[in-house]
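To be precise, the following lines are upload_22.txt, and they hold compact mmCIF, C-alpha atoms.
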```
# COMPACT_ATOMS: atom_id res chain seq x y z
CA MET A 1 -8.88 7.37 25.27
CA GLN A 2 -8.75 5.51 21.94
CA ILE A 3 -5.08 6.38 21.53
CA ILE A 4 -4.31 4.95 24.99
CA ASN A 5 -6.22 1.76 24.23
CA ARG A 6 -4.36 1.32 20.96
CA MET A 7 -0.98 1.69 22.67
CA VAL A 8 -1.60 -0.87 25.44
CA ILE A 9 -0.50 -3.96 23.48
CA PRO A 10 2.55 -2.27 21.83
CA PHE A 11 3.77 -1.09 25.25
CA LEU A 12 3.21 -4.55 26.74
CA LEU A 13 5.22 -6.15 23.94
CA LEU A 14 7.98 -3.59 24.41
CA ALA A 15 8.00 -4.26 28.17
CA VAL A 16 8.28 -8.03 27.59
CA TRP A 17 11.08 -7.47 25.08
CA TRP A 18 12.94 -5.13 27.45
CA ALA A 19 12.51 -7.42 30.47
CA GLY A 20 13.51 -10.48 28.47
CA ALA A 21 16.65 -8.74 27.22
CA GLU A 22 17.59 -7.65 30.76
CA ILE A 23 17.00 -11.08 32.29
CA GLY A 24 18.61 -12.94 29.42
CA TRP A 25 15.61 -14.73 27.99
CA PHE A 26 16.59 -13.78 24.45
CA ASN A 27 19.78 -14.35 22.54
CA SER A 28 21.26 -10.85 22.26
CA TYR A 29 22.63 -11.68 18.80
CA LEU A 30 19.27 -12.80 17.41
CA LEU A 31 17.18 -10.22 19.27
CA PRO A 32 19.21 -7.22 20.44
CA HIS A 33 18.26 -5.13 23.45
CA PRO A 34 15.62 -2.45 22.66
CA ALA A 35 18.08 0.22 23.82
CA LYS A 36 20.63 -0.95 21.26
CA VAL A 37 18.03 -0.90 18.49
CA PHE A 38 17.03 2.62 19.53
CA ASP A 39 20.67 3.78 19.57
CA THR A 40 21.17 2.29 16.11
CA ALA A 41 18.08 4.12 14.83
CA VAL A 42 19.39 7.39 16.24
CA SER A 43 22.81 6.79 14.69
CA LEU A 44 21.37 5.96 11.26
CA THR A 45 19.16 9.04 11.45
CA GLN A 46 22.01 11.35 12.40
CA LYS A 47 24.17 10.01 9.58
CA GLY A 48 21.30 10.47 7.14
CA THR A 49 21.47 6.84 6.05
CA LEU A 50 17.95 6.00 7.20
CA PHE A 51 16.43 9.02 5.47
CA GLU A 52 18.26 8.26 2.22
CA HIS A 53 16.88 4.73 2.07
CA LEU A 54 13.47 5.89 3.23
CA ALA A 55 13.31 8.61 0.57
CA ALA A 56 14.20 6.07 -2.14
CA SER A 57 11.45 3.68 -1.02
CA LEU A 58 8.85 6.43 -0.69
CA TYR A 59 9.65 7.74 -4.15
CA ARG A 60 9.10 4.30 -5.63
CA VAL A 61 5.89 3.63 -3.71
CA LEU A 62 4.24 6.95 -4.50
CA GLY A 63 5.43 6.91 -8.11
CA GLY A 64 4.30 3.33 -8.69
CA PHE A 65 0.96 3.92 -6.99
CA SER A 66 0.30 7.04 -9.06
CA ILE A 67 1.04 5.21 -12.31
CA THR A 68 -1.14 2.31 -11.22
CA PHE A 69 -4.12 4.50 -10.39
CA ALA A 70 -3.74 6.44 -13.64
CA VAL A 71 -4.09 3.15 -15.55
CA ALA A 72 -6.33 0.98 -13.36
CA PHE A 73 -9.04 3.53 -12.55
CA PRO A 74 -9.98 4.64 -16.09
CA LEU A 75 -9.68 1.05 -17.38
CA ALA A 76 -12.02 -0.17 -14.62
CA VAL A 77 -14.53 2.58 -15.36
CA PHE A 78 -14.44 1.87 -19.10
CA LEU A 79 -14.90 -1.88 -18.71
CA ALA A 80 -17.64 -1.41 -16.10
CA LEU A 81 -19.56 0.86 -18.46
CA HIS A 82 -18.87 -1.36 -21.48
CA LYS A 83 -19.38 -4.85 -20.05
CA LYS A 84 -19.07 -6.61 -23.39
CA SER A 85 -15.51 -5.34 -23.74
CA TYR A 86 -14.56 -6.97 -20.44
CA TYR A 87 -14.89 -10.48 -21.87
CA PHE A 88 -12.06 -9.77 -24.32
CA VAL A 89 -9.56 -8.88 -21.57
CA GLU A 90 -10.87 -11.11 -18.77
CA PRO A 91 -8.60 -14.14 -19.51
CA VAL A 92 -5.45 -12.00 -19.48
CA LEU A 93 -6.45 -10.08 -16.37
CA GLU A 94 -7.40 -13.22 -14.46
CA PHE A 95 -4.13 -14.89 -15.44
CA ILE A 96 -2.05 -11.94 -14.26
CA ARG A 97 -4.12 -11.57 -11.07
CA HIS A 98 -3.19 -15.06 -9.92
CA VAL A 99 0.54 -14.63 -10.49
CA PRO A 100 2.31 -13.14 -7.41
CA PRO A 101 4.31 -10.03 -8.37
CA ILE A 102 7.30 -11.36 -6.43
CA ALA A 103 7.38 -14.37 -8.78
CA LEU A 104 7.83 -12.00 -11.72
CA ILE A 105 10.81 -10.16 -10.26
CA PRO A 106 13.45 -12.38 -11.97
CA ILE A 107 11.96 -11.88 -15.43
CA LEU A 108 11.42 -8.17 -14.79
CA ILE A 109 15.07 -7.81 -13.83
CA LEU A 110 16.08 -9.57 -17.06
CA TRP A 111 13.85 -7.20 -19.06
CA PHE A 112 14.48 -3.90 -17.26
CA GLY A 113 17.61 -4.47 -15.17
CA ILE A 114 17.85 -3.59 -11.47
CA GLY A 115 16.94 0.05 -12.00
CA GLU A 116 13.75 1.84 -11.06
CA THR A 117 11.66 0.45 -13.93
CA SER A 118 11.61 -3.11 -12.59
CA LYS A 119 10.58 -1.93 -9.11
CA LEU A 120 7.83 0.30 -10.50
CA ALA A 121 6.61 -2.67 -12.54
CA VAL A 122 6.40 -4.82 -9.39
CA ILE A 123 4.42 -2.10 -7.60
CA PHE A 124 2.14 -1.71 -10.61
CA LEU A 125 1.34 -5.42 -10.68
CA ALA A 126 0.73 -5.54 -6.92
CA ALA A 127 -1.46 -2.42 -6.71
CA PHE A 128 -3.38 -2.75 -9.97
CA PHE A 129 -6.08 -5.23 -8.99
CA PRO A 130 -7.20 -3.67 -5.67
CA VAL A 131 -7.93 -0.43 -7.54
CA PHE A 132 -9.31 -2.13 -10.65
CA LEU A 133 -11.59 -4.65 -8.92
CA ASN A 134 -12.98 -2.26 -6.32
CA THR A 135 -13.64 0.45 -8.89
CA SER A 136 -15.28 -1.83 -11.46
CA SER A 137 -17.37 -3.60 -8.80
CA ALA A 138 -18.54 -0.29 -7.34
CA ILE A 139 -19.53 1.11 -10.74
CA ILE A 140 -21.33 -2.09 -11.82
CA SER A 141 -23.27 -2.34 -8.55
CA CYS A 142 -24.61 1.20 -8.78
CA ASP A 143 -28.25 1.39 -7.65
CA VAL A 144 -30.47 1.01 -10.71
CA LYS A 145 -33.20 3.06 -9.09
CA LEU A 146 -30.87 6.04 -8.83
CA LEU A 147 -30.02 5.70 -12.51
CA GLU A 148 -33.72 5.67 -13.33
CA VAL A 149 -34.13 8.88 -11.35
CA GLY A 150 -31.31 10.35 -13.42
CA LYS A 151 -33.16 9.43 -16.59
CA VAL A 152 -36.28 11.14 -15.26
CA PHE A 153 -34.25 14.32 -14.89
CA SER A 154 -32.85 13.82 -18.41
CA PHE A 155 -29.26 13.33 -17.23
CA SER A 156 -26.80 12.60 -19.99
CA GLY A 157 -24.47 9.62 -19.68
CA ARG A 158 -21.72 11.92 -18.46
CA GLU A 159 -23.99 13.50 -15.85
CA GLN A 160 -25.17 10.11 -14.63
CA PHE A 161 -21.59 9.01 -14.13
CA PHE A 162 -20.37 12.11 -12.29
CA LYS A 163 -23.54 12.86 -10.32
CA ILE A 164 -24.77 9.34 -9.51
CA MET A 165 -22.32 6.52 -10.22
CA LEU A 166 -19.06 8.08 -9.03
CA PRO A 167 -20.39 9.53 -5.74
CA GLN A 168 -22.02 6.20 -4.87
CA ALA A 169 -18.91 4.23 -5.81
CA LEU A 170 -16.47 6.55 -4.04
CA PRO A 171 -16.27 4.72 -0.67
CA GLN A 172 -15.42 1.40 -2.32
CA ILE A 173 -12.96 3.10 -4.66
CA MET A 174 -11.18 4.65 -1.67
CA VAL A 175 -10.97 1.23 -0.01
CA GLY A 176 -9.34 -0.13 -3.15
CA MET A 177 -6.84 2.71 -3.14
CA GLN A 178 -6.04 2.10 0.52
CA LEU A 179 -5.42 -1.58 -0.14
CA ALA A 180 -3.31 -0.72 -3.18
CA LEU A 181 -1.08 1.54 -1.09
CA GLY A 182 -0.43 -1.29 1.35
CA TYR A 183 0.28 -3.74 -1.45
CA SER A 184 2.60 -1.20 -3.08
CA TRP A 185 4.68 -0.91 0.06
CA ARG A 186 4.92 -4.64 0.69
CA SER A 187 5.76 -5.52 -2.91
CA LEU A 188 8.42 -2.81 -3.07
CA ILE A 189 10.21 -4.12 -0.01
CA GLY A 190 10.21 -7.56 -1.58
CA ALA A 191 11.71 -6.16 -4.76
CA GLU A 192 14.35 -4.20 -2.83
CA LEU A 193 15.31 -7.29 -0.86
CA ILE A 194 16.15 -9.06 -4.12
CA ALA A 195 17.61 -6.38 -6.37
CA ALA A 196 18.34 -2.82 -5.31
CA SER A 197 21.14 -0.48 -4.33
CA SER A 198 19.01 1.73 -2.09
CA GLY A 199 15.79 1.63 -0.11
CA ILE A 200 14.66 0.13 3.19
CA GLY A 201 14.60 -3.38 1.74
CA TYR A 202 18.18 -2.99 0.54
CA MET A 203 19.20 -1.69 3.97
CA ILE A 204 17.69 -4.79 5.59
CA ILE A 205 19.36 -7.29 3.27
CA GLU A 206 22.71 -5.49 3.59
CA ALA A 207 22.38 -5.62 7.38
CA GLU A 208 21.69 -9.36 7.17
CA GLN A 209 24.91 -9.86 5.21
CA LEU A 210 26.80 -7.80 7.82
CA SER A 211 25.17 -9.73 10.70
CA ARG A 212 23.54 -6.60 12.10
CA PRO A 213 20.14 -7.63 13.52
CA ASP A 214 19.79 -4.21 15.16
CA ILE A 215 19.75 -2.53 11.73
CA ILE A 216 17.32 -5.18 10.45
CA LEU A 217 14.94 -4.36 13.30
CA VAL A 218 15.29 -0.64 12.62
CA GLY A 219 14.28 -1.31 9.02
CA ILE A 220 11.32 -3.44 10.08
CA PHE A 221 10.07 -0.85 12.55
CA THR A 222 10.53 1.88 9.96
CA ILE A 223 8.42 -0.04 7.45
CA GLY A 224 5.67 -0.71 9.99
CA LEU A 225 5.53 2.80 11.43
CA LEU A 226 5.67 4.53 8.07
CA GLY A 227 3.03 2.20 6.63
CA TYR A 228 0.78 2.92 9.62
CA PHE A 229 1.33 6.67 9.22
CA ILE A 230 0.57 6.61 5.48
CA ASP A 231 -2.56 4.57 6.13
CA TYR A 232 -3.62 7.04 8.81
CA LEU A 233 -3.19 10.00 6.47
CA PHE A 234 -5.09 8.21 3.73
CA LEU A 235 -7.91 7.42 6.15
CA LYS A 236 -8.13 11.09 7.14
CA ALA A 237 -8.22 12.09 3.47
CA THR A 238 -10.94 9.51 2.83
CA ARG A 239 -13.08 10.87 5.65
CA PHE A 240 -12.64 14.40 4.33
CA ILE A 241 -13.56 13.44 0.76
CA LEU A 242 -16.61 11.43 1.83
CA HIS A 243 -17.75 14.28 4.08
CA TRP A 244 -17.19 16.80 1.28
CA THR A 245 -19.25 14.71 -1.11
CA GLY A 246 -22.01 14.26 1.46
CA ARG A 247 -21.47 10.53 2.09
CA LYS A 248 -22.28 9.29 5.61
CA GLU A 249 -20.63 5.86 5.60
CA LYS A 250 -18.63 4.97 8.71
CA LEU A 251 -15.24 3.51 7.98
CA TRP A 252 -14.32 0.24 9.65
CA GLN A 253 -11.23 1.80 11.26
CA GLU A 254 -13.37 4.24 13.23
```
Could you show the structure in this file as structure tokens?
Amino acid sequence: MQIINRMVIPFLLLAVWWAGAEIGWFNSYLLPHPAKVFDTAVSLTQKGTLFEHLAASLYRVLGGFSITFAVAFPLAVFLALHKKSYYFVEPVLEFIRHVPPIALIPILILWFGIGETSKLAVIFLAAFFPVFLNTSSAIISCDVKLLEVGKVFSFSGREQFFKIMLPQALPQIMVGMQLALGYSWRSLIGAELIAASSGIGYMIIEAEQLSRPDIILVGIFTIGLLGYFIDYLFLKATRFILHWTGRKEKLWQE
């Protein structure tokens, strides 16, 4: 029943689009008929063009996200456990946090060229703070009473972290990771729109130069559907991990 409810609005929008295209409400050049967009998607899929661009974008997103988590998570844990050290890096972190990654693309291209490094750097900057802030906040806000119980049982610092702090912080950490994945995808498309020779963003900007709105719409729908699917898989993984660790929190998407 939930699936049906979720599909009501998308089907209504599709029906309005289809009816408007048939009646002539929409300019066919600016907003092609849904059937034409579908035929274009099938054609790009059969030629392998769509999969090639999709594979390039996915590689960048997953690679950039992995690098980000490998840096942001341990840094957040260290600074949360050593609060005095945070004051040394706070000015730099706060400065970078308020600079949009898209604004840094020109300088990143000058430094690293239009290769993969500049795109991974954009993803890193976009995904870093959701992971870092959620992780550090979750560790810092750990229930003091639970830590006192750990001291009663003579837990070492390592045991307190892995048996008390990390399990309690896990839901908020997973939320940060989920946000970071979304930011990774959006920032990558922005980078590909500006400087790339492959990827969904490149496909969209190339279609714009060729005056092919049908291909642009295929790219947009691909981004949205793939992002939704990745988010769905991550949500399932989050539920499994929380259940495995004994956490009972209900996720907002449920």
Report summary line: note - CA of Phe78 in chain A and CA of Leu104 in chain A are separated by 27.3 Å
Report task. For CA of Pro100 in chain A and CA of Arg186 in chain A, determine how far apart the two atoms are, in Å to one decimal place. Result -> 12.0 Å
Report task. Taking the point (17.6, -4.4, -3.0) as given in the file, collect each protein or nucleic acid residue that comes within 12 Å of it, counting all atoms listed in the file, and present the set as an MDAnalysis selection string. Result -> chainID A and resid 53 56:57 105 109 114:116 118:119 187:207
Query raised in the report: Using all atoms listed in the file, which of the listed residues (A:Tyr59, A:Phe221, A:Trp25, A:Trp18) sits closest to Leu120 in chain A?
Result: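 Under the stated criterion, the closest residue is A:Tyr59.
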Query raised in the report: CA of Phe229 in chain A and CA of Leu62 in chain A are how many Å apart?
Result: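 Here the two named atoms are 14.0 Å from each other.
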Requested in this report: Rank A:Leu93, A:Phe88, A:Leu166, A:Trp17 by their smallest atom-to-atom distance to Leu31 in chain A, using all atoms listed in the file, and report the top residue only.
Outcome: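 Looking only at the distances to Leu31 in chain A, the closest residue turns out to be A:Trp17.
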Requested in this report: Give the answer as one residue: which of A:Thr135, A:Gln178, A:Ser211, A:Thr40 has the shortest atom-to-atom distance to Pro74 in chain A, using only C-alpha atoms?
Outcome: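 Using only C-alpha atoms, the shortest distance to Pro74 in chain A belongs to A:Thr135.
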Query - Who sits within 8 Å of Thr238 in chain A, all atoms listed in the file, same chain under 3 positions skipped, as a PyMOL selection string - result: chain A and resi 171+174+234-235+241-242
Report as lines of an AutoDock Vina configuration file the centre and the edge lengths, in Å to one decimal, of the axis-aligned box holding every listed atom of range 27-43 of chain A, padded by 4 Å on each side.
```
center_x = 19.2
center_y = -3.5
center_z = 19.3
size_x = 15.2
size_y = 29.7
size_z = 17.1
```
